[in-house]
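Asker: Enclosed is the structure file model-v1.tsv (TSV, C-alpha atoms).
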chain	number	residue	atom	x	y	z
A	1	MET	CA	3.37	12.88	-25.79
A	2	ALA	CA	-0.41	12.49	-25.92
A	3	GLU	CA	-2.60	14.67	-28.10
A	4	ILE	CA	-3.40	17.95	-26.37
A	5	ASN	CA	-6.89	19.33	-25.83
A	6	PRO	CA	-6.13	23.00	-25.09
A	7	LEU	CA	-9.35	23.57	-23.12
A	8	SER	CA	-9.37	20.59	-20.76
A	9	GLY	CA	-6.45	20.74	-18.40
A	10	GLU	CA	-4.72	22.41	-15.48
A	11	LEU	CA	-1.23	23.76	-15.01
A	12	LEU	CA	0.36	23.15	-11.61
A	13	TYR	CA	3.41	25.30	-10.84
A	14	GLY	CA	5.97	24.61	-8.13
A	15	LYS	CA	8.75	22.23	-7.24
A	16	VAL	CA	8.13	18.86	-8.87
A	17	LEU	CA	9.60	15.56	-7.70
A	18	THR	CA	10.38	13.38	-10.73
A	19	PRO	CA	12.26	10.08	-11.18
A	20	SER	CA	15.33	12.06	-12.23
A	21	GLY	CA	15.23	14.54	-9.36
A	22	ILE	CA	13.42	17.66	-8.16
A	23	ILE	CA	12.64	20.39	-10.70
A	24	GLU	CA	12.82	23.65	-8.75
A	25	ASN	CA	10.86	25.78	-11.20
A	26	GLY	CA	8.57	23.13	-12.57
A	27	VAL	CA	5.12	22.72	-14.01
A	28	ILE	CA	2.74	19.81	-14.50
A	29	ALA	CA	0.19	19.90	-17.32
A	30	VAL	CA	-2.56	17.48	-16.34
A	31	SER	CA	-6.05	16.61	-17.55
A	32	SER	CA	-8.61	14.03	-16.48
A	33	GLU	CA	-7.06	11.66	-19.01
A	34	GLN	CA	-3.44	11.80	-17.91
A	35	ILE	CA	-0.35	13.88	-17.19
A	36	HIS	CA	0.69	15.53	-20.46
A	37	TYR	CA	3.86	17.37	-19.49
A	38	VAL	CA	6.27	17.50	-16.55
A	39	GLY	CA	9.28	19.76	-16.76
A	40	GLU	CA	10.81	23.20	-16.48
A	41	THR	CA	8.35	26.08	-16.67
A	42	GLU	CA	10.33	27.82	-19.40
A	43	SER	CA	10.11	24.70	-21.57
A	44	LEU	CA	6.32	24.34	-21.37
A	45	PRO	CA	4.97	23.90	-24.93
A	46	ALA	CA	3.09	26.94	-26.16
A	47	ALA	CA	-0.09	24.96	-26.79
A	48	TYR	CA	-0.66	24.60	-23.06
A	49	ALA	CA	-0.79	28.34	-22.53
A	50	GLU	CA	-4.40	28.29	-23.75
A	51	TRP	CA	-5.61	25.93	-21.05
A	52	ASN	CA	-8.42	27.70	-19.24
A	53	SER	CA	-7.73	26.38	-15.73
A	54	VAL	CA	-4.37	27.53	-14.43
A	55	SER	CA	-3.35	26.87	-10.84
A	56	LYS	CA	-0.17	28.46	-9.52
A	57	LYS	CA	1.05	26.83	-6.30
A	58	GLU	CA	3.91	27.10	-3.86
A	59	GLY	CA	5.26	23.85	-2.52
A	60	LEU	CA	6.38	20.42	-3.68
A	61	PHE	CA	4.41	18.18	-6.00
A	62	ILE	CA	4.94	14.44	-5.53
A	63	PRO	CA	3.11	11.36	-6.87
A	64	GLY	CA	0.09	10.06	-4.97
A	65	PHE	CA	0.78	7.38	-2.40
A	66	VAL	CA	0.07	3.71	-3.10
A	67	ASP	CA	-0.86	1.63	-0.02
A	68	VAL	CA	-0.87	-2.12	-0.69
A	69	HIS	CA	-1.64	-3.10	2.91
A	70	VAL	CA	-4.52	-1.32	4.63
A	71	HIS	CA	-7.49	-2.83	6.50
A	72	GLY	CA	-9.72	0.19	7.00
A	73	GLY	CA	-10.13	3.62	8.51
A	74	ALA	CA	-12.66	6.23	9.64
A	75	GLY	CA	-14.45	3.57	11.68
A	76	TYR	CA	-14.86	1.05	8.86
A	77	ASP	CA	-13.17	-2.28	8.11
A	78	PHE	CA	-12.90	-3.77	4.63
A	79	MET	CA	-14.14	-7.08	6.04
A	80	TYR	CA	-17.58	-5.63	6.75
A	81	SER	CA	-17.98	-2.59	4.50
A	82	ASP	CA	-20.67	-1.89	1.94
A	83	ALA	CA	-20.43	0.93	-0.62
A	84	GLU	CA	-20.93	3.58	2.08
A	85	GLY	CA	-18.15	2.11	4.17
A	86	LEU	CA	-15.83	1.81	1.18
A	87	ASP	CA	-16.47	5.47	0.35
A	88	SER	CA	-15.59	6.38	3.94
A	89	ILE	CA	-12.36	4.36	3.97
A	90	THR	CA	-11.16	5.61	0.60
A	91	LYS	CA	-12.14	9.20	1.36
A	92	PHE	CA	-10.25	9.24	4.65
A	93	HIS	CA	-7.08	7.74	3.25
A	94	CYS	CA	-7.30	9.96	0.17
A	95	SER	CA	-7.39	12.96	2.51
A	96	GLN	CA	-4.06	11.65	3.84
A	97	GLY	CA	-2.45	11.34	0.41
A	98	THR	CA	-3.32	7.78	-0.62
A	99	THR	CA	-4.53	7.75	-4.22
A	100	THR	CA	-4.37	3.99	-4.86
A	101	MET	CA	-4.85	1.17	-2.37
A	102	LEU	CA	-5.53	-2.53	-1.92
A	103	ALA	CA	-8.48	-3.53	0.23
A	104	THR	CA	-6.79	-5.88	2.67
A	105	THR	CA	-8.69	-8.75	4.26
A	106	MET	CA	-8.11	-10.67	7.47
A	107	THR	CA	-7.83	-14.38	8.16
A	108	ALA	CA	-11.50	-15.38	8.03
A	109	PRO	CA	-13.84	-18.12	6.84
A	110	LYS	CA	-14.00	-18.49	3.08
A	111	ALA	CA	-17.58	-17.20	2.96
A	112	ALA	CA	-16.49	-13.95	4.59
A	113	ILE	CA	-13.68	-13.52	2.06
A	114	ASP	CA	-16.12	-14.30	-0.76
A	115	ARG	CA	-18.34	-11.47	0.45
A	116	VAL	CA	-15.45	-8.97	0.51
A	117	LEU	CA	-14.40	-9.90	-3.03
A	118	SER	CA	-17.96	-9.50	-4.25
A	119	GLU	CA	-18.39	-6.13	-2.51
A	120	ILE	CA	-15.10	-4.75	-3.86
A	121	THR	CA	-15.97	-5.93	-7.37
A	122	ALA	CA	-19.31	-4.12	-7.23
A	123	TYR	CA	-17.67	-0.97	-5.87
A	124	ARG	CA	-15.03	-0.94	-8.59
A	125	SER	CA	-17.70	-1.22	-11.28
A	126	HIS	CA	-18.66	2.41	-10.65
A	127	THR	CA	-16.63	5.60	-10.59
A	128	MET	CA	-14.57	5.73	-7.42
A	129	PRO	CA	-14.43	9.36	-6.23
A	130	TYR	CA	-11.55	9.02	-3.79
A	131	ALA	CA	-8.57	6.67	-3.48
A	132	GLN	CA	-8.79	4.07	-6.23
A	133	LEU	CA	-9.17	0.46	-5.12
A	134	ALA	CA	-6.76	-1.38	-7.41
A	135	GLY	CA	-7.88	-4.73	-6.01
A	136	VAL	CA	-7.62	-6.92	-2.95
A	137	HIS	CA	-4.79	-8.12	-0.74
A	138	LEU	CA	-5.60	-11.39	1.03
A	139	GLU	CA	-3.65	-11.36	4.29
A	140	GLY	CA	-4.33	-14.97	5.18
A	141	PRO	CA	-5.98	-17.32	5.81
A	142	PHE	CA	-2.94	-19.37	4.68
A	143	ILE	CA	-0.66	-18.30	7.54
A	144	SER	CA	1.08	-19.96	10.51
A	145	PRO	CA	-0.85	-20.60	13.74
A	146	LYS	CA	2.44	-19.97	15.56
A	147	TRP	CA	2.49	-16.32	14.44
A	148	PRO	CA	-1.16	-15.20	14.20
A	149	GLY	CA	-0.53	-11.66	15.43
A	150	ALA	CA	-3.90	-9.91	15.20
A	151	GLN	CA	-5.33	-12.64	12.94
A	152	ASN	CA	-7.92	-15.01	14.38
A	153	PRO	CA	-6.20	-18.44	14.67
A	154	GLU	CA	-9.57	-20.22	14.47
A	155	HIS	CA	-9.74	-19.44	10.75
A	156	ILE	CA	-6.18	-20.35	9.72
A	157	VAL	CA	-6.03	-23.05	7.02
A	158	LEU	CA	-3.46	-24.55	4.67
A	159	ALA	CA	-2.93	-22.95	1.27
A	160	ASN	CA	-5.75	-23.98	-1.04
A	161	ILE	CA	-5.24	-23.65	-4.79
A	162	ASP	CA	-8.84	-24.67	-5.43
A	163	TRP	CA	-9.96	-21.55	-3.56
A	164	LEU	CA	-7.49	-19.37	-5.45
A	165	GLU	CA	-8.65	-20.74	-8.79
A	166	GLU	CA	-12.29	-20.22	-7.85
A	167	TRP	CA	-11.65	-16.62	-6.82
A	168	GLU	CA	-9.62	-15.87	-9.93
A	169	THR	CA	-12.34	-17.34	-12.14
A	170	GLU	CA	-15.17	-15.45	-10.45
A	171	PHE	CA	-13.24	-12.21	-9.84
A	172	PRO	CA	-10.56	-12.13	-12.55
A	173	GLY	CA	-7.64	-9.83	-11.77
A	174	LEU	CA	-9.13	-8.63	-8.49
A	175	ILE	CA	-6.69	-10.35	-6.12
A	176	ARG	CA	-3.36	-8.56	-6.41
A	177	GLN	CA	-1.50	-9.93	-3.40
A	178	VAL	CA	-1.74	-12.96	-1.14
A	179	THR	CA	0.11	-13.25	2.17
A	180	LEU	CA	0.94	-16.76	3.37
A	181	ALA	CA	3.37	-18.75	5.49
A	182	PRO	CA	5.78	-20.34	2.97
A	183	GLU	CA	6.81	-23.21	5.26
A	184	ARG	CA	3.29	-24.65	5.48
A	185	GLU	CA	2.02	-27.61	3.48
A	186	GLY	CA	0.94	-26.60	-0.01
A	187	ALA	CA	2.47	-23.13	0.21
A	188	LEU	CA	5.17	-23.61	-2.44
A	189	ALA	CA	2.63	-24.81	-5.00
A	190	ALA	CA	0.40	-21.85	-4.13
A	191	ILE	CA	3.31	-19.43	-4.55
A	192	SER	CA	4.05	-20.83	-7.98
A	193	TRP	CA	0.36	-20.56	-8.91
A	194	LEU	CA	0.18	-16.94	-7.71
A	195	ARG	CA	3.22	-15.81	-9.67
A	196	THR	CA	1.97	-17.60	-12.80
A	197	HIS	CA	-1.18	-15.49	-12.50
A	198	GLY	CA	0.72	-12.24	-11.91
A	199	ILE	CA	-0.24	-12.01	-8.23
A	200	THR	CA	2.26	-10.90	-5.61
A	201	ALA	CA	3.18	-13.80	-3.32
A	202	ALA	CA	4.11	-12.39	0.07
A	203	LEU	CA	5.32	-14.09	3.20
A	204	GLY	CA	3.87	-13.08	6.53
A	205	HIS	CA	2.73	-14.42	9.90
A	206	THR	CA	5.31	-17.14	9.34
A	207	ASP	CA	7.54	-19.50	11.29
A	208	ALA	CA	9.80	-20.08	8.28
A	209	THR	CA	13.50	-20.68	8.60
A	210	TYR	CA	16.04	-18.89	6.42
A	211	ASP	CA	16.34	-21.90	4.11
A	212	GLU	CA	12.56	-22.24	3.79
A	213	VAL	CA	12.26	-18.62	2.71
A	214	ILE	CA	15.02	-19.01	0.12
A	215	THR	CA	13.26	-22.11	-1.24
A	216	ALA	CA	10.04	-20.10	-1.42
A	217	ALA	CA	11.82	-17.29	-3.29
A	218	ASP	CA	13.06	-19.91	-5.76
A	219	ALA	CA	9.39	-20.82	-6.27
A	220	GLY	CA	8.46	-17.16	-6.89
A	221	LEU	CA	7.91	-15.55	-3.48
A	222	ASN	CA	8.59	-11.87	-4.06
A	223	GLN	CA	7.42	-9.83	-1.06
A	224	ALA	CA	7.32	-9.75	2.73
A	225	VAL	CA	4.52	-8.09	4.65
A	226	HIS	CA	5.27	-5.76	7.57
A	227	ALA	CA	8.97	-6.69	7.81
A	228	PHE	CA	10.20	-7.76	11.27
A	229	ASN	CA	6.65	-8.20	12.56
A	230	ALA	CA	5.02	-11.65	12.92
A	231	MET	CA	7.98	-13.62	11.55
A	232	THR	CA	11.03	-15.47	12.85
A	233	PRO	CA	13.66	-12.91	13.86
A	234	LEU	CA	17.30	-12.45	12.88
A	235	HIS	CA	19.90	-14.28	14.95
A	236	HIS	CA	23.55	-14.58	14.00
A	237	ARG	CA	23.35	-18.38	14.00
A	238	LYS	CA	19.71	-18.67	12.89
A	239	PRO	CA	19.02	-15.88	10.38
A	240	GLY	CA	15.34	-16.80	10.16
A	241	THR	CA	12.73	-15.15	7.99
A	242	VAL	CA	14.10	-11.69	8.69
A	243	GLY	CA	17.60	-12.70	7.60
A	244	ALA	CA	16.28	-14.02	4.29
A	245	VAL	CA	14.19	-10.89	3.68
A	246	LEU	CA	17.18	-8.65	4.40
A	247	GLY	CA	19.56	-10.61	2.22
A	248	ASP	CA	17.54	-11.74	-0.80
A	249	HIS	CA	17.08	-9.06	-3.47
A	250	ARG	CA	14.15	-11.00	-4.96
A	251	ILE	CA	12.00	-10.14	-1.94
A	252	ARG	CA	10.53	-6.67	-1.55
A	253	ALA	CA	9.97	-5.60	2.07
A	254	GLU	CA	6.88	-3.84	3.36
A	255	LEU	CA	7.40	-1.46	6.26
A	256	ILE	CA	4.88	0.01	8.70
A	257	GLY	CA	6.42	3.47	8.99
A	258	ASP	CA	5.14	4.61	12.36
A	259	GLY	CA	8.23	4.17	14.55
A	260	ILE	CA	6.19	1.79	16.73
A	261	HIS	CA	6.32	-1.44	14.77
A	262	VAL	CA	9.97	-0.93	13.78
A	263	HIS	CA	12.57	1.35	15.40
A	264	PRO	CA	13.86	4.14	13.09
A	265	ALA	CA	17.42	2.78	13.33
A	266	VAL	CA	16.25	-0.62	12.12
A	267	VAL	CA	14.26	1.02	9.34
A	268	SER	CA	17.45	2.74	8.24
A	269	ILE	CA	19.26	-0.61	8.12
A	270	LEU	CA	16.38	-2.14	6.17
A	271	ALA	CA	16.40	0.72	3.67
A	272	GLN	CA	20.14	0.46	3.15
A	273	LEU	CA	20.02	-3.29	2.57
A	274	LYS	CA	16.92	-3.38	0.37
A	275	GLY	CA	17.67	-0.25	-1.66
A	276	GLU	CA	15.15	2.12	-3.20
A	277	ASP	CA	13.63	-0.53	-5.47
A	278	ASN	CA	12.70	-3.04	-2.77
A	279	LEU	CA	11.24	-1.01	0.11
A	280	ILE	CA	7.47	-0.46	0.33
A	281	LEU	CA	5.85	1.92	2.82
A	282	ILE	CA	2.50	0.65	4.13
A	283	THR	CA	0.10	1.73	6.85
A	284	ASP	CA	-1.49	-1.59	7.89
A	285	ALA	CA	-4.16	0.82	9.13
A	286	MET	CA	-7.26	-0.56	10.84
A	287	SER	CA	-10.69	0.96	11.35
A	288	ALA	CA	-9.51	3.30	14.14
A	289	ALA	CA	-7.29	5.29	11.76
A	290	GLY	CA	-8.51	8.87	11.80
A	291	LEU	CA	-10.45	8.44	15.04
A	292	SER	CA	-9.74	8.91	18.75
A	293	ASP	CA	-8.53	6.33	21.26
A	294	GLY	CA	-11.05	3.70	22.29
A	295	GLU	CA	-12.30	0.18	21.61
A	296	TYR	CA	-12.52	-1.12	18.05
A	297	LYS	CA	-12.23	-4.36	16.10
A	298	ILE	CA	-9.83	-5.62	13.48
A	299	GLY	CA	-11.62	-8.35	11.59
A	300	ASP	CA	-13.52	-10.08	14.40
A	301	LEU	CA	-10.98	-9.43	17.18
A	302	PRO	CA	-11.44	-6.66	19.82
A	303	VAL	CA	-8.78	-3.95	19.82
A	304	ILE	CA	-7.82	-1.22	22.28
A	305	VAL	CA	-6.31	1.98	20.87
A	306	HIS	CA	-4.34	4.01	23.42
A	307	ASN	CA	-2.19	6.98	22.45
A	308	GLY	CA	-2.78	5.99	18.83
A	309	ILE	CA	-1.30	2.50	19.35
A	310	ALA	CA	-3.61	-0.42	18.52
A	311	THR	CA	-3.25	-3.69	20.47
A	312	LEU	CA	-5.43	-6.76	20.89
A	313	LYS	CA	-7.74	-6.37	23.89
A	314	GLU	CA	-7.13	-9.93	25.09
A	315	HIS	CA	-3.41	-9.92	24.24
A	316	PRO	CA	-2.16	-6.36	24.84
A	317	GLU	CA	1.39	-7.37	23.94
A	318	SER	CA	0.24	-7.94	20.34
A	319	LEU	CA	0.03	-4.95	18.01
A	320	ALA	CA	-3.16	-4.96	15.94
A	321	GLY	CA	-2.49	-3.08	12.74
A	322	SER	CA	-1.98	0.65	13.15
A	323	THR	CA	-3.61	4.06	13.01
A	324	LEU	CA	-0.95	5.29	10.59
A	325	THR	CA	-1.58	7.30	7.44
A	326	MET	CA	0.67	7.42	4.40
A	327	ILE	CA	1.53	11.11	4.76
A	328	LYS	CA	2.68	10.47	8.34
A	329	GLY	CA	4.68	7.49	7.14
A	330	TYR	CA	6.27	9.57	4.40
A	331	ARG	CA	7.30	12.25	6.89
A	332	PHE	CA	8.65	9.54	9.21
A	333	LEU	CA	10.90	8.16	6.46
A	334	VAL	CA	12.26	11.61	5.66
A	335	GLN	CA	12.37	13.32	9.05
A	336	GLU	CA	13.05	10.40	11.42
A	337	VAL	CA	14.87	7.84	9.28
A	338	GLY	CA	16.74	10.29	7.07
A	339	LEU	CA	15.71	9.08	3.62
A	340	SER	CA	15.77	11.60	0.80
A	341	LEU	CA	12.50	12.97	-0.54
A	342	GLN	CA	13.05	10.89	-3.67
A	343	ALA	CA	13.82	7.65	-1.81
A	344	ALA	CA	10.82	8.06	0.48
A	345	SER	CA	8.60	8.79	-2.52
A	346	ARG	CA	9.80	5.68	-4.27
A	347	ALA	CA	8.91	3.59	-1.20
A	348	ALA	CA	5.52	5.25	-0.88
A	349	SER	CA	4.54	5.36	-4.56
A	350	MET	CA	6.70	3.77	-7.25
A	351	THR	CA	7.79	0.49	-5.66
A	352	PRO	CA	4.26	-0.41	-4.50
A	353	ALA	CA	3.05	0.46	-8.02
A	354	VAL	CA	5.61	-2.03	-9.35
A	355	SER	CA	4.31	-4.58	-6.86
A	356	LEU	CA	0.84	-4.11	-8.36
A	357	GLY	CA	2.10	-4.23	-11.94
A	358	LEU	CA	0.85	-0.66	-12.41
A	359	GLU	CA	4.16	1.17	-12.78
A	360	ARG	CA	3.21	2.36	-16.28
A	361	VAL	CA	0.06	3.96	-14.91
A	362	ILE	CA	0.88	5.36	-11.47
A	363	GLY	CA	3.78	5.77	-9.07
A	364	SER	CA	5.64	8.77	-10.52
A	365	LEU	CA	5.02	12.15	-12.12
A	366	GLU	CA	5.66	11.51	-15.81
A	367	ALA	CA	3.87	12.30	-19.05
A	368	GLY	CA	1.44	9.55	-19.96
A	369	LYS	CA	0.68	8.50	-16.39
A	370	ARG	CA	-2.52	9.05	-14.44
A	371	GLY	CA	-2.83	12.43	-12.76
A	372	ASP	CA	-2.57	11.26	-9.14
A	373	ILE	CA	-0.70	14.16	-7.55
A	374	LEU	CA	-0.04	15.54	-4.07
A	375	LEU	CA	1.02	19.03	-3.04
A	376	LEU	CA	3.12	19.30	0.13
A	377	ASP	CA	4.30	22.38	1.99
A	378	SER	CA	7.84	22.97	3.24
A	379	GLU	CA	7.17	20.88	6.37
A	380	LEU	CA	5.82	17.99	4.27
A	381	ASN	CA	2.26	18.63	5.35
A	382	LEU	CA	-0.36	17.64	2.79
A	383	CYS	CA	-2.09	20.59	1.14
A	384	ASP	CA	-3.97	19.25	-1.90
A	385	VAL	CA	-4.77	15.97	-3.64
A	386	TRP	CA	-5.55	15.27	-7.28
A	387	ILE	CA	-7.08	11.97	-8.42
A	388	GLN	CA	-6.97	11.34	-12.17
A	389	GLY	CA	-6.18	15.01	-12.74
A	390	ASN	CA	-9.13	16.26	-10.67
A	391	LYS	CA	-8.61	18.09	-7.42
A	392	VAL	CA	-10.43	16.30	-4.60
A	393	THR	CA	-12.59	18.22	-2.15
A	394	PHE	CA	-12.98	16.74	1.33
As structure tokens, please, write out the structure in this file.
Answerer:
Amino acid sequence: MAEINPLSGELLYGKVLTPSGIIENGVIAVSSEQIHYVGETESLPAAYAEWNSVSKKEGLFIPGFVDVHVHGGAGYDFMYSDAEGLDSITKFHCSQGTTTMLATTMTAPKAAIDRVLSEITAYRSHTMPYAQLAGVHLEGPFISPKWPGAQNPEHIVLANIDWLEEWETEFPGLIRQVTLAPEREGALAAISWLRTHGITAALGHTDATYDEVITAADAGLNQAVHAFNAMTPLHHRKPGTVGAVLGDHRIRAELIGDGIHVHPAVVSILAQLKGEDNLILITDAMSAAGLSDGEYKIGDLPVIVHNGIATLKEHPESLAGSTLTMIKGYRFLVQEVGLSLQAASRAASMTPAVSLGLERVIGSLEAGKRGDILLLDSELNLCDVWIQGNKVTF
């Protein structure tokens, strides 16, 4: 346990969701440095009794959500945002329970991606008041033109290790995940390069066969973006990308938990097959998240949002990201799919933290970890958010 400063923390009382279960009469001792104690109230060390900021709450404390696939929100898109826009995106999603996130790009010209990486680097060099940007997720441009989804096919290119090396040299450690089509020329070498550099290699927007995905997993592929969407489907004689994702334990599966992109029954099947350690809740939220229906853009493509569902204006059959938030996705997993509070929390917090290599820092409520904490009421509505032990005011 870390050294205690008796004048610089807060005590949070209530039910506490921990990796070993829910503590009914629990307490969290947290400071701006870290969580110092999580456990039964009657076992709280005496030294904490002198802390001068005591907050007694009713409800359930869970770890902050970690969203590794989100394009924007509150009217802003990561592809075009300056510091003001990044504040707006991170503030909105923080107000919905996200405490850590990856700024996710679109398939775009290299110069546009360069600009995003530079902007995120500058933003991260200062104190981030809301959801913490842990880095960048490049969704493309190394995808399949056969499955562009809401990505602009004009900018799709083959995997380019020279670009990856340039970005890693100029922005070391910033890129945390790259989504690509593993069947395309150069993809296997890129996957190997990514994993050597500790970057998640994810398949997505892909025409890969089952065998091609297994070969990619042998090379290090370890994640699938928005499972079932923009990939070859499951067929009993041609298992496709989906069959490989379902059957290979080396591949974590992202899930857009809105009940629109994937039916709840299929989500249940996915959760059963992947288990608690390989399911990742994401939003894939675009700029319209938090706003009313209307016309927007995702990257450089026009989008229509109707009844909260985002589709491409020119191809209304194609979903274009979502307007989902993590707290809504968490409730969906529990209330519609039937996952336990613990299993849903693992998908929303711990497993994405593992994907980022940050499981020792975030993802669960344990002593020594960062104080990213949410308070939910009995209906799983979000009441309060703490970032790094500090309650956030919206």
Asker: Give me, as CSV, the closest atom pair and its distance (Å, one decimal) for every residue of stretch 57-127 of chain A within a cut-off of 12 Å of stretch 353-360 of chain A, counting all atoms listed in the file, rows sorted by chain and rising number.
Answerer:
residue,atom,partner,partner_atom,distance
A:Pro63,CA,A:Ala353,CA,11.0
A:Gly64,CA,A:Ala353,CA,10.5
A:Phe65,CA,A:Ala353,CA,9.2
A:Val66,CA,A:Ala353,CA,6.6
A:Asp67,CA,A:Ala353,CA,9.0
A:Val68,CA,A:Leu356,CA,8.1
A:His69,CA,A:Ser355,CA,11.5
A:Thr99,CA,A:Ala353,CA,11.2
A:Thr100,CA,A:Ala353,CA,8.8
A:Met101,CA,A:Ala353,CA,9.7
A:Leu102,CA,A:Leu356,CA,9.2
Asker: In Å to one decimal, how far is atom CA of A:Gly135 from atom CA of A:Leu188?
Answerer: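 Between atom CA of A:Leu188 and atom CA of A:Gly135 the gap is 23.2 Å.
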Asker: Would you mind telling me which residue in A:Gly371, A:Leu234, A:Ser378, A:Pro239 lies nearest to A:Gly9 when using only C-alpha atoms?
Answerer: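 Smallest separation from A:Gly9 among the options: A:Gly371.
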Asker: Take atom CA of A:Asn222 and atom CA of A:Gly363 and report the distance between them in Å, one decimal.
Answerer: 19.0 Å
Asker: For the atom pair atom CA of A:Ala344 and atom CA of A:Gln151, what is the interatomic distance in Å to one decimal place?
Answerer: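 Rounded to one decimal, the two atoms are 29.1 Å apart.
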